[in-house]
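Chemist: So that we are looking at the same thing, I have put the structure below in structure tokens.
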Amino acid sequence: MYKISEFAEITGLSKETLRYYAEVKLLEPAYIDPRNHYRYYDDGSFFLAILLAKLRRFGFTIQEMTSVMEDESFSHLEDLLMQKREKIQLQMEDLRQQTEEIDEFLKSGRDDTRDD
């Protein structure tokens with residue numbers, strides 16, 4: 001069993017994040033000491049914490065992460081990951097177009113000043 005500070009260190013999630021995940025029932029401690037209310041996590045919690053950290057890194061919302069944790073099927077997770085991937089690709093294309101528009105705008109401004 002790991003105290004919350006130890007668990008935070010090994011998972012890369014902050015203590016505040018772990019408390020919040022427990023509050024919204026995403027990742028509850030394996031045990032809470034009734035005397036001092038210390039939270040303890042076990043090895044089984046480790047995999048879930050790493051999964052949640054990855055999902056957060058991929059831009060999943062709390063609702064999406066909850067959906068993954070409730071469904072527990074890889075096909076559901078795979079579908080959500082593919083949707084995220086597609087969304088990111090669209091965002092990248094949009095950013096590429098914006099970059100091109102900025103370049104064109106800068107180029108037109110330079111060309112206008114050279115005509116003087």
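Chain identifiers are assigned as A, B, and so on, following the order in which chains appear in the structure tokens; residues are numbered from 1 within each chain, and ligands are numbered from 1 in order of appearance.
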From a DSSP pass on the backbone, collect the residues of chain A flagged as helix (DSSP H, G or I) and hand them back as an MDAnalysis selection string.
Modeler: chainID A and resid 4:11 15:23 43:57 62:71 74:114
Chemist: Within 12 Å of A:Gly44, counting only C-alpha atoms, which residues show up once you throw out same-chain ones fewer than 5 positions away? Write them as a PyMOL selection string, please.
Modeler: chain A and resi 1-2+7+27-30+49-51
Chemist: With C-alpha atoms kept, could you save the residues just selected as an mmCIF file, in the first residue's frame?
Modeler:
data_model
loop_
_atom_site.group_PDB
_atom_site.id
_atom_site.type_symbol
_atom_site.label_atom_id
_atom_site.label_comp_id
_atom_site.auth_asym_id
_atom_site.auth_seq_id
_atom_site.Cartn_x
_atom_site.Cartn_y
_atom_site.Cartn_z
ATOM 1 C CA MET A 1 0.000 0.000 0.000
ATOM 2 C CA TYR A 2 1.164 3.482 -0.872
ATOM 3 C CA PHE A 7 1.504 7.149 -5.076
ATOM 4 C CA LEU A 27 -9.823 6.467 -9.041
ATOM 5 C CA GLU A 28 -10.692 5.832 -5.443
ATOM 6 C CA PRO A 29 -8.095 4.840 -2.865
ATOM 7 C CA ALA A 30 -7.917 1.155 -2.056
ATOM 8 C CA ALA A 49 -3.622 5.824 -12.506
ATOM 9 C CA ILE A 50 -1.219 5.406 -15.423
ATOM 10 C CA LEU A 51 -4.157 4.940 -17.808
#
Chemist: Of the residues A:Ser108, A:Asp71, A:Phe60, A:Leu48, which is the one nearest to A:Ile88, using only C-alpha atoms?
Modeler: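 So, comparing all the options, the nearest one is A:Phe60.
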Chemist: Write down as a list in words the residues belonging to stretch 8-100 of chain A that are assigned strand (DSSP E or B) by DSSP computed on the backbone.
Modeler: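 The strand (DSSP E or B) subset of stretch 8-100 of chain A is Tyr31, Ile32, Arg39, Tyr40 and Tyr41 of chain A.
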Chemist: Which residues, written as a ChimeraX atom specification, have at least one atom at most 10 Å from A:Leu52, with only C-alpha atoms counted and residues fewer than 3 positions away on the same chain left out?
Modeler: /A:11,13,21,26-27,46-49,55-58,60,62,65-66,68-69
Chemist: Grab the atom CA of A:Lys84 to atom CA of A:Ala53 distance for me, in Å with one decimal place.
Modeler: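 Separating atom CA of A:Lys84 from atom CA of A:Ala53 is a distance of 15.3 Å.
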Chemist: How far is it from atom CA of A:Ile4 to atom CA of A:Ile32, in Å with one decimal?
Modeler: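 That distance, rounded to one decimal, is 10.3 Å.
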Chemist: Hey, can you check how far atom CA of A:Arg39 sits from atom CA of A:Ser73?
Modeler: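 Separation of atom CA of A:Arg39 and atom CA of A:Ser73: 27.7 Å.
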Chemist: Could you check the closest approach to A:Asp33 for each of A:Lys3, A:Asp103, A:Asp94, A:Ser67 and tell me which residue wins, using only C-alpha atoms?
Modeler: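 Counting only C-alpha atoms, the residue closest to A:Asp33 is A:Lys3.
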